[in-house]
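protein-v5.tsv (TSV, C-alpha atoms) appears below.
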chain	number	residue	atom	x	y	z
A	70	MET	CA	0.00	0.00	0.00
A	71	GLU	CA	1.26	3.48	-0.87
A	72	LYS	CA	2.52	5.64	1.96
A	73	ILE	CA	0.82	9.02	2.26
A	74	ARG	CA	1.13	11.83	4.73
A	75	THR	CA	-1.07	11.19	7.76
A	76	PHE	CA	-2.72	13.64	10.13
A	77	GLN	CA	-2.94	13.29	13.90
A	78	GLN	CA	-6.01	11.67	15.46
A	79	TYR	CA	-7.03	14.94	17.15
A	80	GLU	CA	-7.07	16.66	13.73
A	81	LEU	CA	-9.35	13.95	12.30
A	82	ASN	CA	-11.64	14.14	15.35
A	83	LYS	CA	-11.78	17.94	15.04
A	84	ILE	CA	-13.03	17.54	11.46
A	85	ARG	CA	-15.69	15.06	12.55
A	86	LYS	CA	-16.94	17.54	15.20
A	87	ASN	CA	-16.79	20.64	12.97
A	88	VAL	CA	-17.57	19.20	9.56
A	89	LYS	CA	-19.11	22.44	8.23
A	90	ASP	CA	-15.78	24.27	8.73
A	91	SER	CA	-13.62	21.46	7.34
A	92	GLY	CA	-13.81	22.43	3.67
A	93	LEU	CA	-14.09	18.75	2.73
A	94	GLN	CA	-16.19	17.95	-0.34
A	95	PHE	CA	-17.39	14.51	0.77
A	96	GLU	CA	-21.05	15.39	0.20
A	97	LYS	CA	-20.27	16.09	-3.47
A	98	PHE	CA	-17.50	13.56	-4.22
A	99	GLY	CA	-17.74	10.99	-1.42
A	100	ARG	CA	-19.82	7.84	-1.01
A	101	SER	CA	-21.89	9.26	1.87
A	102	SER	CA	-23.11	12.64	3.07
A	103	ASN	CA	-22.49	11.61	6.71
A	104	ILE	CA	-18.89	12.24	7.89
A	105	MET	CA	-19.26	9.44	10.48
A	106	ASP	CA	-19.43	6.89	7.63
A	107	TYR	CA	-15.77	7.55	6.78
A	108	SER	CA	-12.70	5.87	8.27
A	109	ASP	CA	-9.72	7.81	9.57
A	110	ARG	CA	-7.80	6.92	6.40
A	111	GLU	CA	-10.62	8.20	4.18
A	112	ILE	CA	-10.81	11.50	6.08
A	113	ASN	CA	-7.04	11.76	5.89
A	114	GLU	CA	-7.25	11.30	2.11
A	115	MET	CA	-10.02	13.90	1.78
A	116	ILE	CA	-7.87	16.45	3.66
A	117	LEU	CA	-5.23	15.84	0.97
A	118	GLY	CA	-7.84	16.33	-1.80
A	119	ILE	CA	-8.31	12.64	-2.64
A	120	TYR	CA	-11.81	11.23	-3.25
A	121	LYS	CA	-11.20	7.65	-4.40
A	122	ASP	CA	-14.86	6.58	-4.64
A	123	SER	CA	-15.67	9.16	-7.31
A	124	LYS	CA	-12.07	9.35	-8.61
A	125	HIS	CA	-11.75	13.09	-7.96
A	126	LEU	CA	-8.56	14.95	-7.04
A	127	LEU	CA	-8.05	18.52	-5.87
A	128	VAL	CA	-5.27	19.95	-8.06
A	129	ASP	CA	-3.01	22.96	-7.55
A	130	GLY	CA	-5.42	25.40	-9.15
A	131	ASP	CA	-7.79	24.56	-6.27
A	132	TYR	CA	-10.34	22.81	-8.44
A	133	PHE	CA	-11.24	19.16	-8.86
A	134	ILE	CA	-10.48	16.89	-11.79
A	135	ASP	CA	-11.84	13.44	-12.54
A	136	VAL	CA	-8.68	11.29	-12.59
A	137	SER	CA	-10.45	8.62	-14.66
A	138	THR	CA	-10.07	11.07	-17.58
A	139	VAL	CA	-6.27	11.40	-17.18
A	140	GLN	CA	-4.51	10.26	-20.35
A	141	LYS	CA	-0.96	11.46	-19.83
A	142	ALA	CA	1.38	12.74	-17.14
A	143	SER	CA	4.53	14.82	-17.45
A	144	CYS	CA	7.19	16.59	-15.45
A	145	ILE	CA	9.63	19.41	-16.14
A	146	LEU	CA	13.16	18.24	-15.31
A	147	THR	CA	15.39	21.27	-14.73
A	148	ASP	CA	18.63	19.82	-13.36
A	149	ILE	CA	20.36	16.88	-11.72
A	150	SER	CA	23.07	16.47	-9.12
A	151	TYR	CA	25.77	13.87	-9.28
A	152	SER	CA	26.91	11.34	-6.74
A	153	ARG	CA	29.69	12.91	-4.67
A	154	ARG	CA	32.44	10.74	-6.13
A	155	ILE	CA	31.58	11.67	-9.76
A	156	LYS	CA	33.42	14.41	-11.64
A	157	PRO	CA	31.07	15.04	-14.60
A	158	ASP	CA	32.41	15.57	-18.10
A	159	LYS	CA	30.27	18.39	-19.51
A	160	THR	CA	30.74	17.10	-23.07
A	161	SER	CA	29.52	13.55	-22.33
A	162	PRO	CA	25.90	12.39	-21.94
A	163	ILE	CA	24.62	12.02	-18.39
A	164	LYS	CA	24.73	8.43	-17.14
A	165	LEU	CA	21.75	7.39	-15.03
A	166	LYS	CA	23.94	5.50	-12.56
A	167	ASP	CA	25.90	8.72	-11.81
A	168	ILE	CA	22.87	10.81	-10.83
A	169	ARG	CA	22.20	11.48	-7.16
A	170	ASN	CA	19.02	13.60	-7.38
A	171	PHE	CA	16.64	14.87	-10.03
A	172	TYR	CA	15.33	18.44	-9.70
A	173	ILE	CA	11.81	19.02	-10.96
A	174	GLU	CA	10.00	22.29	-11.58
A	175	ASP	CA	6.48	20.86	-11.94
A	176	TYR	CA	4.33	17.78	-12.50
A	177	PHE	CA	1.23	17.81	-14.71
A	178	VAL	CA	-1.57	15.51	-15.80
A	179	GLU	CA	-3.55	15.88	-19.01
A	180	THR	CA	-7.23	14.96	-19.13
A	181	SER	CA	-9.53	14.10	-22.02
A	182	GLU	CA	-12.13	16.53	-20.63
A	183	LYS	CA	-11.77	20.18	-19.65
A	184	PHE	CA	-11.72	21.06	-15.97
A	185	SER	CA	-11.53	24.75	-15.01
A	186	ASN	CA	-11.12	25.57	-18.72
A	187	SER	CA	-8.00	23.44	-19.20
A	188	TYR	CA	-6.89	19.98	-20.26
A	189	GLN	CA	-3.54	20.28	-18.44
A	190	HIS	CA	-3.47	20.40	-14.64
A	191	ARG	CA	-0.57	21.10	-12.29
A	192	ILE	CA	-0.30	18.48	-9.51
A	193	THR	CA	3.05	19.51	-7.99
A	194	GLY	CA	1.44	20.87	-4.82
A	195	TYR	CA	-0.63	17.70	-4.40
A	196	LEU	CA	2.48	15.51	-4.76
A	197	LYS	CA	4.36	17.68	-2.23
A	198	LYS	CA	1.43	17.67	0.22
A	199	ILE	CA	1.00	13.89	0.05
A	200	GLY	CA	4.73	13.21	0.49
A	201	GLY	CA	5.50	12.07	-3.07
A	202	ILE	CA	8.17	14.72	-3.72
A	203	SER	CA	10.30	16.97	-1.49
A	204	LEU	CA	11.60	20.50	-1.74
A	205	GLY	CA	15.22	20.71	-2.85
A	206	LYS	CA	17.97	22.16	-0.67
A	207	GLY	CA	20.61	24.83	-1.13
A	208	LYS	CA	20.81	26.15	-4.68
A	209	TYR	CA	17.93	23.82	-5.60
A	210	SER	CA	15.54	25.11	-2.91
A	211	HIS	CA	13.13	26.52	-5.54
A	212	PHE	CA	12.75	23.08	-7.18
A	213	TYR	CA	11.49	19.69	-6.03
A	214	SER	CA	13.95	16.91	-5.37
A	215	ILE	CA	13.60	13.22	-6.20
A	216	PRO	CA	16.44	10.83	-5.29
A	217	ASN	CA	17.73	8.44	-7.94
A	218	ASP	CA	16.90	5.27	-5.97
A	219	PHE	CA	15.93	2.83	-8.72
A	220	LYS	CA	18.72	3.68	-11.22
A	221	THR	CA	16.64	2.11	-13.98
A	222	PHE	CA	14.41	3.24	-16.84
A	223	TYR	CA	10.70	3.00	-17.58
A	224	LYS	CA	10.04	3.40	-21.32
A	225	GLY	CA	13.30	5.32	-21.74
A	226	ILE	CA	12.62	7.62	-18.76
A	227	PRO	CA	14.25	7.33	-15.32
A	228	LEU	CA	11.80	5.30	-13.21
A	229	ASP	CA	12.17	7.64	-10.22
A	230	LEU	CA	10.55	10.45	-12.23
A	231	PHE	CA	7.54	8.25	-13.04
A	232	TYR	CA	7.28	6.93	-9.46
A	233	PRO	CA	5.07	9.79	-8.09
A	234	ILE	CA	2.54	9.18	-10.89
A	235	GLN	CA	2.82	5.42	-10.47
A	236	HIS	CA	2.02	5.50	-6.75
A	237	TYR	CA	0.07	8.69	-6.04
A	238	ILE	CA	-2.19	8.63	-9.09
A	239	ASN	CA	-2.20	5.10	-10.55
A	240	SER	CA	-1.92	2.94	-7.43
A	241	LEU	CA	-3.96	5.22	-5.18
A	242	PHE	CA	-6.93	5.67	-7.50
A	243	PHE	CA	-6.84	2.57	-9.69
A	244	ALA	CA	-4.81	-0.09	-7.77
A	245	ASP	CA	-2.82	-0.43	-11.01
A	246	ASP	CA	0.68	1.10	-11.12
A	247	TYR	CA	0.46	1.48	-14.92
A	248	HIS	CA	-3.11	2.73	-15.41
A	249	VAL	CA	-1.75	6.04	-16.76
A	250	ALA	CA	1.26	4.72	-18.67
A	251	THR	CA	2.01	7.67	-20.97
A	252	PHE	CA	4.63	9.81	-19.26
A	253	GLU	CA	6.85	12.54	-20.67
A	254	VAL	CA	9.88	14.33	-19.25
A	255	VAL	CA	10.24	17.89	-20.54
A	256	GLY	CA	13.73	19.38	-20.42
A	257	ASN	CA	17.10	19.67	-22.12
A	258	LEU	CA	18.92	16.89	-20.27
A	259	THR	CA	19.77	13.65	-22.06
A	260	ILE	CA	20.20	10.73	-19.71
A	261	ILE	CA	21.60	7.41	-20.92
A	262	ASP	CA	21.80	3.92	-19.45
A	263	GLU	CA	25.40	2.81	-19.22

If you convert what's in this file into structure tokens, what do you get?
Amino acid sequence: MEKIRTFQQYELNKIRKNVKDSGLQFEKFGRSSNIMDYSDREINEMILGIYKDSKHLLVDGDYFIDVSTVQKASCILTDISYSRRIKPDKTSPIKLKDIRNFYIEDYFVETSEKFSNSYQHRITGYLKKIGGISLGKGKYSHFYSIPNDFKTFYKGIPLDLFYPIQHYINSLFFADDYHVATFEVVGNLTIIDE
């Protein structure tokens, strides 16, 4: 099961007692209009903008999309850092095994239907909030950091870049890591497997 950020029990209980002030949209997107019908995990997910029963997700523009209409996902890769022992040759292609971290500007999903007048939706804030990506440090503090843990490719793309989509969209909503299989990395970096 995917690991998502969890809230304290007192925070969940506070929502159950003051449901009108919670801002949760369970009456519209949930399976019941009674907050007491939801488990702690379900309330936790709703706080994060996840409504699995109706397949709705609160995206960064503060509107909901129907994730069953997502056809493609993408990210903007801005930079990488190397393992400490590597002295990169600027004229050579970047080897996947030499990368320490990937630095991402944004993640997006594209839907077959328009939501809030757009087919493309930024989900970077959602992925940060749920624990799928982290803020970078130092000179990369204005980007999001993903460690190069897998050191392998998925359809020619480093698997670690696809991982947030795989687990926090596909697995969470569809119980299928490859439900949304079309993924694109936008950027000027060429990474090779060697």

Within 12 Å of Gly205 of chain A, counting all atoms listed in the file, which residues qualify if same-chain residues fewer than 2 places away don't, as a PyMOL selection string?
chain A and resi 147-150+170-174+197+202-203+207-216

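Using all atoms listed in the file, the shortest contact distance between Lys183 of chain A and any of A:Val139, A:His248, A:Leu81, A:Ile155 is found at A:Val139.
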
Give the answer as one residue: which of A:Gly256, A:Gly201, A:Gly118, A:Gly99 has the shortest atom-to-atom distance to Gln235 of chain A, using only C-alpha atoms?
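Looking at the shortest contact to Gln235 of chain A, the residue is A:Gly201.
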
Quick check, in Å to one decimal: how far apart do atom CA of Val136 of chain A and atom CA of Ser181 of chain A lie?
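Those two atoms sit 9.9 Å apart.
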
Which one is closest to Asp135 of chain A: A:Asp167, A:Asp109, A:Glu182, A:Asp90? Count only C-alpha atoms.
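Counting only C-alpha atoms, the residue closest to Asp135 of chain A is A:Glu182.
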
So which residues fall inside 9 Å of (3.1, 6.9, -21.2) if we count all atoms listed in the file? Mind giving them as a list of chain:residue names?
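Output of the proximity query reads A:Gln140, A:Lys141, A:Ala142, A:Ser143, A:Lys224, A:Tyr247, A:Val249, A:Ala250, A:Thr251, A:Phe252, A:Glu253.
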
Coordinates-based distance that separates atom CA of His125 of chain A from atom CA of Leu241 of chain A (Å, one decimal):
11.4 Å

Counting only C-alpha atoms, figure out which residue out of A:Arg169, A:Arg74, A:Arg154, A:Arg100 gets nearest to Leu196 of chain A.
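Result for the nearest residue to Leu196 of chain A: A:Arg74.
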
note - atom CA of Phe133 of chain A and atom CA of Arg110 of chain A are separated by 19.9 Å

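If all atoms listed in the file are the atoms counted, then among A:Glu111, A:Asp106, A:Asp218, A:Asp246 the closest residue to Leu165 of chain A is A:Asp218.
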
Find the residues near Phe243 of chain A: any atom within 10 Å, counting all atoms listed in the file, skip ones fewer than 6 places away on the same chain, and give them as a list in words.
Lys121, Lys124, Val136, Ser137, His236, Tyr237 and Val249 of chain A

8 Å per side around segment 146-154 of chain A: axis-aligned box centre and edge lengths, as AutoDock Vina command-line options:
--center_x 22.8 --center_y 16.0 --center_z -10.0 --size_x 35.3 --size_y 26.5 --size_z 26.6

So which residues fall inside 10 Å of (-6.2, 14.3, 0.3) if we count only C-alpha atoms? Mind giving them as a PyMOL selection string?
chain A and resi 73-75+93+110-121+126-127+195+198-199

Contacts of Phe184 of chain A at 9 Å (only C-alpha atoms; same-chain gap of 2+ positions) as a ChimeraX atom specification:
/A:132-135,180,182,186-190

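Minimum distance to Ser108 of chain A across A:Asn239, A:Ser185, A:Gly92, A:Arg85 (counting only C-alpha atoms) occurs at A:Arg85.
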
For segment 157-163 of chain A, please output as a ChimeraX atom specification all residues within 7 Å (counting only C-alpha atoms; exclusion window: fewer than 4 positions along the same chain).
/A:259-261

Would you export the selected residues with C-alpha atoms as a tab-separated table (two decimals), in the frame of the given file, please?
chain	number	residue	atom	x	y	z
A	259	THR	CA	19.77	13.65	-22.06
A	260	ILE	CA	20.20	10.73	-19.71
A	261	ILE	CA	21.60	7.41	-20.92
